[in-house]
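What follows is the content of final.txt (compact mmCIF, C-alpha atoms).
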```
# COMPACT_ATOMS: atom_id res chain seq x y z
CA MET A 1 104.62 110.13 117.08
CA LYS A 2 103.98 106.61 118.41
CA ILE A 3 104.44 103.62 116.12
CA ILE A 4 103.50 99.94 116.15
CA LEU A 5 106.07 98.05 114.07
CA ASN A 6 105.08 94.80 112.39
CA GLY A 7 108.08 92.73 111.29
CA ALA A 8 110.31 94.15 114.02
CA CYS A 9 112.88 91.32 114.02
CA GLY A 10 113.57 91.43 110.28
CA ARG A 11 116.40 93.40 108.71
CA MET A 12 114.19 96.37 107.87
CA GLY A 13 112.42 96.20 111.22
CA ARG A 14 115.73 96.57 113.02
CA GLU A 15 116.70 99.46 110.74
CA ILE A 16 113.47 101.26 111.64
CA ILE A 17 114.06 100.71 115.36
CA ALA A 18 117.54 102.23 115.00
CA ALA A 19 116.31 105.16 112.89
CA ALA A 20 113.38 105.85 115.22
CA SER A 21 115.73 105.92 118.22
CA LYS A 22 117.94 108.53 116.51
CA GLN A 23 114.94 110.67 115.55
CA GLY A 24 113.23 110.48 118.92
CA THR A 25 110.25 108.59 117.50
CA GLU A 26 108.70 106.11 119.94
CA ILE A 27 108.02 102.51 118.94
CA VAL A 28 105.41 101.48 121.50
CA ALA A 29 105.00 97.87 120.32
CA ALA A 30 107.06 95.48 118.22
CA VAL A 31 105.42 92.55 116.46
CA ASP A 32 107.02 89.55 114.76
CA LYS A 33 105.61 86.07 114.19
CA PHE A 34 108.94 84.36 113.70
CA GLY A 35 111.71 86.46 115.26
CA THR A 36 113.19 86.63 118.74
CA PRO A 37 113.52 90.15 120.17
CA ASP A 38 116.81 91.52 121.44
CA PHE A 39 115.47 95.00 122.13
CA ASP A 40 113.64 96.62 125.03
CA ILE A 41 110.25 97.24 123.41
CA PRO A 42 106.94 95.55 124.33
CA PHE A 43 106.90 92.51 122.05
CA TYR A 44 104.07 90.43 120.56
CA SER A 45 103.85 87.55 118.12
CA SER A 46 100.69 88.90 116.48
CA LEU A 47 98.94 92.23 115.91
CA GLU A 48 95.85 90.79 117.56
CA SER A 49 97.65 90.77 120.93
CA VAL A 50 98.83 94.39 120.82
CA THR A 51 97.20 96.62 123.45
CA GLU A 52 99.32 99.78 123.15
CA LYS A 53 97.84 102.89 121.55
CA ALA A 54 99.70 104.38 118.58
CA ASP A 55 99.46 106.95 115.81
CA VAL A 56 100.62 104.70 112.94
CA LEU A 57 101.26 101.06 112.08
CA ILE A 58 104.33 100.35 109.93
CA ASP A 59 104.36 96.92 108.28
CA PHE A 60 107.57 95.46 106.87
CA THR A 61 106.56 91.79 106.77
CA HIS A 62 105.07 89.87 103.84
CA HIS A 63 102.17 90.53 101.49
CA THR A 64 100.23 87.65 103.07
CA ALA A 65 99.91 89.74 106.25
CA VAL A 66 97.33 92.02 104.58
CA PRO A 67 94.21 90.37 106.10
CA GLU A 68 95.67 90.68 109.63
CA ILE A 69 96.71 94.30 108.97
CA CYS A 70 93.24 95.21 107.70
CA GLU A 71 91.54 93.59 110.70
CA PHE A 72 93.85 95.40 113.14
CA ALA A 73 93.46 98.75 111.38
CA ARG A 74 89.68 98.54 111.38
CA ARG A 75 89.63 97.62 115.06
CA THR A 76 91.98 100.40 116.13
CA GLY A 77 91.30 103.02 113.47
CA ILE A 78 94.98 103.88 113.08
CA PRO A 79 96.65 104.72 109.72
CA CYS A 80 98.90 102.12 108.10
CA VAL A 81 102.17 102.23 106.17
CA VAL A 82 102.40 99.02 104.12
CA ALA A 83 105.94 98.50 102.81
CA SER A 84 105.74 94.86 101.71
CA THR A 85 105.72 93.87 98.02
CA GLY A 86 104.23 91.22 95.77
CA HIS A 87 100.58 91.72 96.71
CA THR A 88 98.01 89.61 94.91
CA GLU A 89 95.01 91.28 93.28
CA SER A 90 92.78 90.20 96.18
CA GLU A 91 95.24 91.66 98.72
CA LYS A 92 95.37 94.93 96.78
CA ALA A 93 91.57 94.98 96.81
CA MET A 94 91.58 94.51 100.60
CA LEU A 95 93.88 97.51 101.05
CA ILE A 96 91.76 99.64 98.72
CA GLU A 97 88.67 98.69 100.71
CA LEU A 98 90.49 99.53 103.96
CA SER A 99 91.43 102.95 102.56
CA LYS A 100 87.74 103.87 102.53
CA GLU A 101 87.86 103.86 106.34
CA ASN A 102 91.54 104.39 107.20
CA ALA A 103 94.49 106.30 105.81
CA VAL A 104 96.69 103.74 104.00
CA PHE A 105 100.16 104.44 102.61
CA CYS A 106 101.46 101.84 100.15
CA SER A 107 104.79 101.83 98.35
CA ARG A 108 106.92 99.01 97.00
CA ASN A 109 109.98 101.15 97.71
CA MET A 110 110.27 103.57 100.62
CA SER A 111 113.24 105.45 99.15
CA LEU A 112 112.52 109.10 98.33
CA GLY A 113 115.24 108.88 95.67
CA ILE A 114 113.58 106.00 93.80
CA ASN A 115 110.33 107.91 93.61
CA LEU A 116 112.23 110.94 92.34
CA LEU A 117 113.87 108.66 89.75
CA ILE A 118 110.42 107.68 88.46
CA ASP A 119 109.45 111.33 88.06
CA LEU A 120 112.71 112.03 86.20
CA CYS A 121 112.15 109.05 83.89
CA ARG A 122 108.64 110.25 83.08
CA SER A 123 109.95 113.75 82.36
CA ALA A 124 112.74 112.38 80.15
CA TYR A 125 110.31 110.17 78.21
CA THR A 126 108.00 113.13 77.60
CA ALA A 127 110.89 115.44 76.61
CA LEU A 128 112.07 112.86 74.08
CA GLY A 129 108.61 112.83 72.55
CA GLY A 130 108.01 109.23 73.52
CA ASP A 131 110.30 108.17 70.69
CA CYS A 132 112.74 105.94 72.56
CA ASP A 133 113.48 102.39 73.64
CA ILE A 134 113.37 101.85 77.40
CA GLU A 135 115.40 99.30 79.35
CA ILE A 136 115.59 98.87 83.14
CA ILE A 137 118.54 97.09 84.75
CA GLU A 138 118.08 96.16 88.41
CA LYS A 139 120.77 94.69 90.67
CA HIS A 140 120.27 93.15 94.12
CA HIS A 141 122.01 90.83 96.58
CA ARG A 142 122.23 87.11 95.88
CA ASN A 143 119.57 86.23 98.49
CA LYS A 144 116.74 88.28 96.97
CA LEU A 145 114.00 85.85 95.93
CA ASP A 146 111.84 87.78 93.48
CA ALA A 147 112.84 88.92 90.01
CA PRO A 148 112.27 91.43 88.62
CA SER A 149 112.22 93.53 91.76
CA GLY A 150 109.04 95.23 92.86
CA THR A 151 110.86 98.53 92.44
CA ALA A 152 111.77 97.77 88.81
CA LEU A 153 108.11 97.02 88.12
CA MET A 154 107.14 100.21 89.94
CA ILE A 155 109.47 102.21 87.65
CA ALA A 156 108.17 100.44 84.55
CA GLU A 157 104.56 101.06 85.53
CA GLY A 158 105.29 104.74 86.15
CA ILE A 159 106.72 105.17 82.64
CA ALA A 160 104.11 102.91 81.00
CA GLU A 161 101.34 105.26 82.14
CA LEU A 162 102.64 107.65 79.47
CA MET A 163 103.00 104.99 76.76
CA PRO A 164 100.38 103.52 74.40
CA GLU A 165 97.95 101.00 75.84
CA GLY A 166 99.24 97.45 75.68
CA THR A 167 102.85 98.21 76.55
CA GLU A 168 104.56 94.94 77.54
CA PHE A 169 107.16 94.34 80.24
CA VAL A 170 109.74 91.91 78.87
CA THR A 171 111.88 90.10 81.44
CA GLU A 172 113.32 87.34 79.20
CA ARG A 173 114.56 87.54 75.61
CA ALA A 174 116.45 84.27 75.15
CA SER A 175 113.44 82.61 73.51
CA ARG A 176 112.39 85.66 71.49
CA HIS A 177 113.83 85.72 67.96
CA ALA A 178 112.37 88.98 66.71
CA VAL A 179 113.17 92.65 66.28
CA ARG A 180 112.40 94.69 69.39
CA PRO A 181 108.88 96.15 69.05
CA ASP A 182 108.08 99.72 70.10
CA ASN A 183 105.54 98.85 72.78
CA GLU A 184 107.80 97.23 75.34
CA ILE A 185 109.93 97.99 78.38
CA GLY A 186 112.77 95.57 78.95
CA ILE A 187 113.69 94.61 82.52
CA SER A 188 116.94 92.77 83.32
CA SER A 189 117.66 91.33 86.78
CA ILE A 190 121.07 90.73 88.34
CA ARG A 191 121.54 88.85 91.63
CA CYS A 192 125.05 89.21 92.96
CA GLY A 193 126.93 89.41 96.27
CA GLY A 194 125.57 91.88 98.80
CA ILE A 195 124.24 94.66 96.54
CA PHE A 196 121.53 96.55 98.47
CA GLY A 197 119.77 97.74 95.35
CA GLU A 198 120.59 99.51 92.11
CA HIS A 199 118.19 100.57 89.38
CA GLU A 200 119.26 102.09 86.07
CA VAL A 201 116.88 103.23 83.35
CA LEU A 202 118.09 103.64 79.76
CA LEU A 203 116.11 105.75 77.28
CA SER A 204 117.68 105.34 73.83
CA ARG A 205 116.88 107.04 70.52
CA ASN A 206 118.53 108.21 67.30
CA GLY A 207 122.11 107.47 68.28
CA GLU A 208 121.91 108.79 71.84
CA THR A 209 121.10 107.24 75.20
CA VAL A 210 119.97 108.94 78.40
CA SER A 211 120.84 107.00 81.57
CA LEU A 212 119.15 107.64 84.94
CA LYS A 213 120.31 105.65 87.95
CA HIS A 214 119.60 105.20 91.65
CA THR A 215 121.88 103.31 94.03
CA ALA A 216 120.86 102.29 97.55
CA GLU A 217 123.97 102.34 99.73
CA SER A 218 122.31 101.05 102.92
CA ARG A 219 118.95 99.91 104.24
CA ALA A 220 118.84 102.99 106.47
CA LEU A 221 117.42 105.08 103.63
CA PHE A 222 114.36 102.80 103.42
CA ALA A 223 113.82 103.12 107.17
CA ASP A 224 114.06 106.90 106.89
CA GLY A 225 111.50 106.87 104.08
CA ALA A 226 109.12 104.66 106.08
CA LEU A 227 109.28 107.02 109.06
CA LYS A 228 108.63 110.01 106.77
CA ALA A 229 105.65 108.12 105.35
CA ALA A 230 104.39 107.41 108.88
CA GLU A 231 104.62 111.08 109.84
CA TYR A 232 102.87 112.08 106.60
CA ILE A 233 100.02 109.57 106.92
CA SER A 234 99.40 110.22 110.63
CA ALA A 235 97.67 113.50 109.81
CA LYS A 236 95.67 112.28 106.80
CA CYS A 237 92.04 111.34 106.50
CA ALA A 238 90.90 108.05 104.99
CA GLY A 239 92.31 107.33 101.56
CA MET A 240 95.07 105.60 99.62
CA TYR A 241 98.41 107.44 99.60
CA SER A 242 101.84 106.80 98.09
CA MET A 243 105.36 108.21 98.03
CA LYS A 244 104.30 110.17 94.95
CA ASP A 245 101.76 112.05 97.09
CA LEU A 246 104.33 112.70 99.82
CA LEU A 247 106.90 114.04 97.35
CA SER A 248 104.33 116.18 95.54
CA GLU A 249 103.14 117.83 98.75
CA THR A 250 106.72 118.31 99.96
CA VAL A 251 107.70 120.09 96.73
CA ASN A 252 104.55 122.25 96.65
CA ALA A 253 105.07 123.28 100.28
CA LYS A 254 108.46 124.84 99.45
```
In structure tokens, how does this file's structure come out?
Amino acid sequence: MKIILNGACGRMGREIIAAASKQGTEIVAAVDKFGTPDFDIPFYSSLESVTEKADVLIDFTHHTAVPEICEFARRTGIPCVVASTGHTESEKAMLIELSKENAVFCSRNMSLGINLLIDLCRSAYTALGGDCDIEIIEKHHRNKLDAPSGTALMIAEGIAELMPEGTEFVTERASRHAVRPDNEIGISSIRCGGIFGEHEVLLSRNGETVSLKHTAESRALFADGALKAAEYISAKCAGMYSMKDLLSETVNAK
């Protein structure tokens, strides 16, 4: 499998280069608008300049790169793994439109474990009859800019699909002087030291609490997930895919 990597000089880009080298996957072109390469891979400052042929594009840059990604994908016809977060509604619409012509894999978290956590949370909520309070506690390193994390929102959205319409995500309670309503999911954010990423979900009812937790111990797991996504999407026809699809097909194949 041949890959074009967008965002090659960032922390995740370097993790993917290292993981690809171990797995024998070839990165045929590295792209980064702002970084300086210290690796022996054909390097470009924009996707527009890339001439190498590849099976998949992996993007680990910024949500504002979506227009450039869409233009490149339409020109080359290759599938795309989009691992950035924080997309605006117009950017999401661009990716959906692209998926009518290309295979597009989007996930705000490339960890297989996080996506398993979401499935477990949904199963727990259903088993408890939907009669529980839900709180999500997410912890990340002190330099992370966004709060709550895209992954915390991804977990909340996965559970909220099973809840009544109008469920609210509450990220701040200091100004709220009221009893906790039933139709909410609380999300608390902690920014501290060098924590890679930790997400804990509490489901509490009738004097008991179920706790489900995922801890990321290194960025390598996200690189591994992105490469699995690239392999998965390389054989797919046009459409929008996610880690949920990958996990589902993996389980059903066993």
*One decimal, Å: what's the distance from CA of Thr25 (chain A) over to CA of Asn6 (chain A), could you say?*
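So the two atoms, CA of Thr25 (chain A) and CA of Asn6 (chain A), lie 15.6 Å apart.
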Correct to one decimal, the distance CA of Ser123 (chain A)-CA of Ala229 (chain A) is 24.1 Å
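Distances from A:Ile136, A:Leu203, A:Val50, A:Val66 to Gly86 (chain A) were compared using all atoms listed in the file, and the smallest one belongs to A:Val66.
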| request: Could you jot down the CA of Met243 (chain A) to CA of Thr85 (chain A) separation for me, Å, one decimal place? | output: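 Interatomic distance here is 14.3 Å.
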request  = Extract, using only C-alpha atoms, all DNA, RNA and protein residues at most 10 Å from Ile195 (chain A), discarding same-chain residues fewer than 5 positions from it, and format them as a PyMOL selection string.
outcome  = chain A and resi 139-144+190+215-218
Give me, as a PyMOL selection string, all polymer residues having an atom no more than 8 Å from region 52-62 of chain A, counting only C-alpha atoms and skipping those fewer than 2 positions away in the same chain. chain A and resi 1-8+10+12-13+28-29+50+64-65+78-85+226+230+233-234
Show which residues sit within 10 Å of Asn183 (chain A), as a list in words. Count only C-alpha atoms, and ignore same-chain residues fewer than 3 positions away.
->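 Contacts, in chain order: Asp133, Ile134, Ala160, Met163, Pro164, Glu165, Gly166, Thr167, Glu168, Phe169 and Arg180 of chain A.
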Asn102 (chain A) proximity check over A:Leu202, A:Ile137, A:Cys121, A:Ile69, using only C-alpha atoms: winner is A:Ile69
If we count all atoms listed in the file and set the cut-off at 8 Å, which residues sit around Met110 (chain A), ignoring sequence neighbours fewer than 2 positions away in its own chain? Please answer as number ranges by chain.
A: 83, 107-108, 112, 114, 221-223, 225-226, 243
Can you tell me which residues surround Asn115 (chain A) at a distance of at most 12 Å, considering all atoms listed in the file, apart from same-chain residues fewer than 5 positions away, and format the answer as a short mmCIF file (atom, residue, chain, number, x, y, z; two decimals) with C-alpha atoms, keeping the file's coordinate frame?
```cif
data_model
loop_
_atom_site.label_atom_id
_atom_site.label_comp_id
_atom_site.auth_asym_id
_atom_site.auth_seq_id
_atom_site.Cartn_x
_atom_site.Cartn_y
_atom_site.Cartn_z
CA SER A 107 104.79 101.83 98.35
CA ARG A 108 106.92 99.01 97.00
CA ASN A 109 109.98 101.15 97.71
CA MET A 110 110.27 103.57 100.62
CA LEU A 120 112.71 112.03 86.20
CA CYS A 121 112.15 109.05 83.89
CA ARG A 122 108.64 110.25 83.08
CA THR A 151 110.86 98.53 92.44
CA ALA A 152 111.77 97.77 88.81
CA MET A 154 107.14 100.21 89.94
CA ILE A 155 109.47 102.21 87.65
CA ALA A 156 108.17 100.44 84.55
CA GLY A 158 105.29 104.74 86.15
CA ILE A 159 106.72 105.17 82.64
CA HIS A 199 118.19 100.57 89.38
CA LYS A 213 120.31 105.65 87.95
CA HIS A 214 119.60 105.20 91.65
CA PHE A 222 114.36 102.80 103.42
CA GLY A 225 111.50 106.87 104.08
CA SER A 242 101.84 106.80 98.09
CA MET A 243 105.36 108.21 98.03
CA LYS A 244 104.30 110.17 94.95
CA ASP A 245 101.76 112.05 97.09
CA LEU A 246 104.33 112.70 99.82
CA LEU A 247 106.90 114.04 97.35
CA SER A 248 104.33 116.18 95.54
#
```
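Remark: for Val210 (chain A), the closest of the candidate residues A:Ala124, A:Glu249, A:Ser188, A:Thr76 is A:Ala124 (distances computed over only C-alpha atoms).
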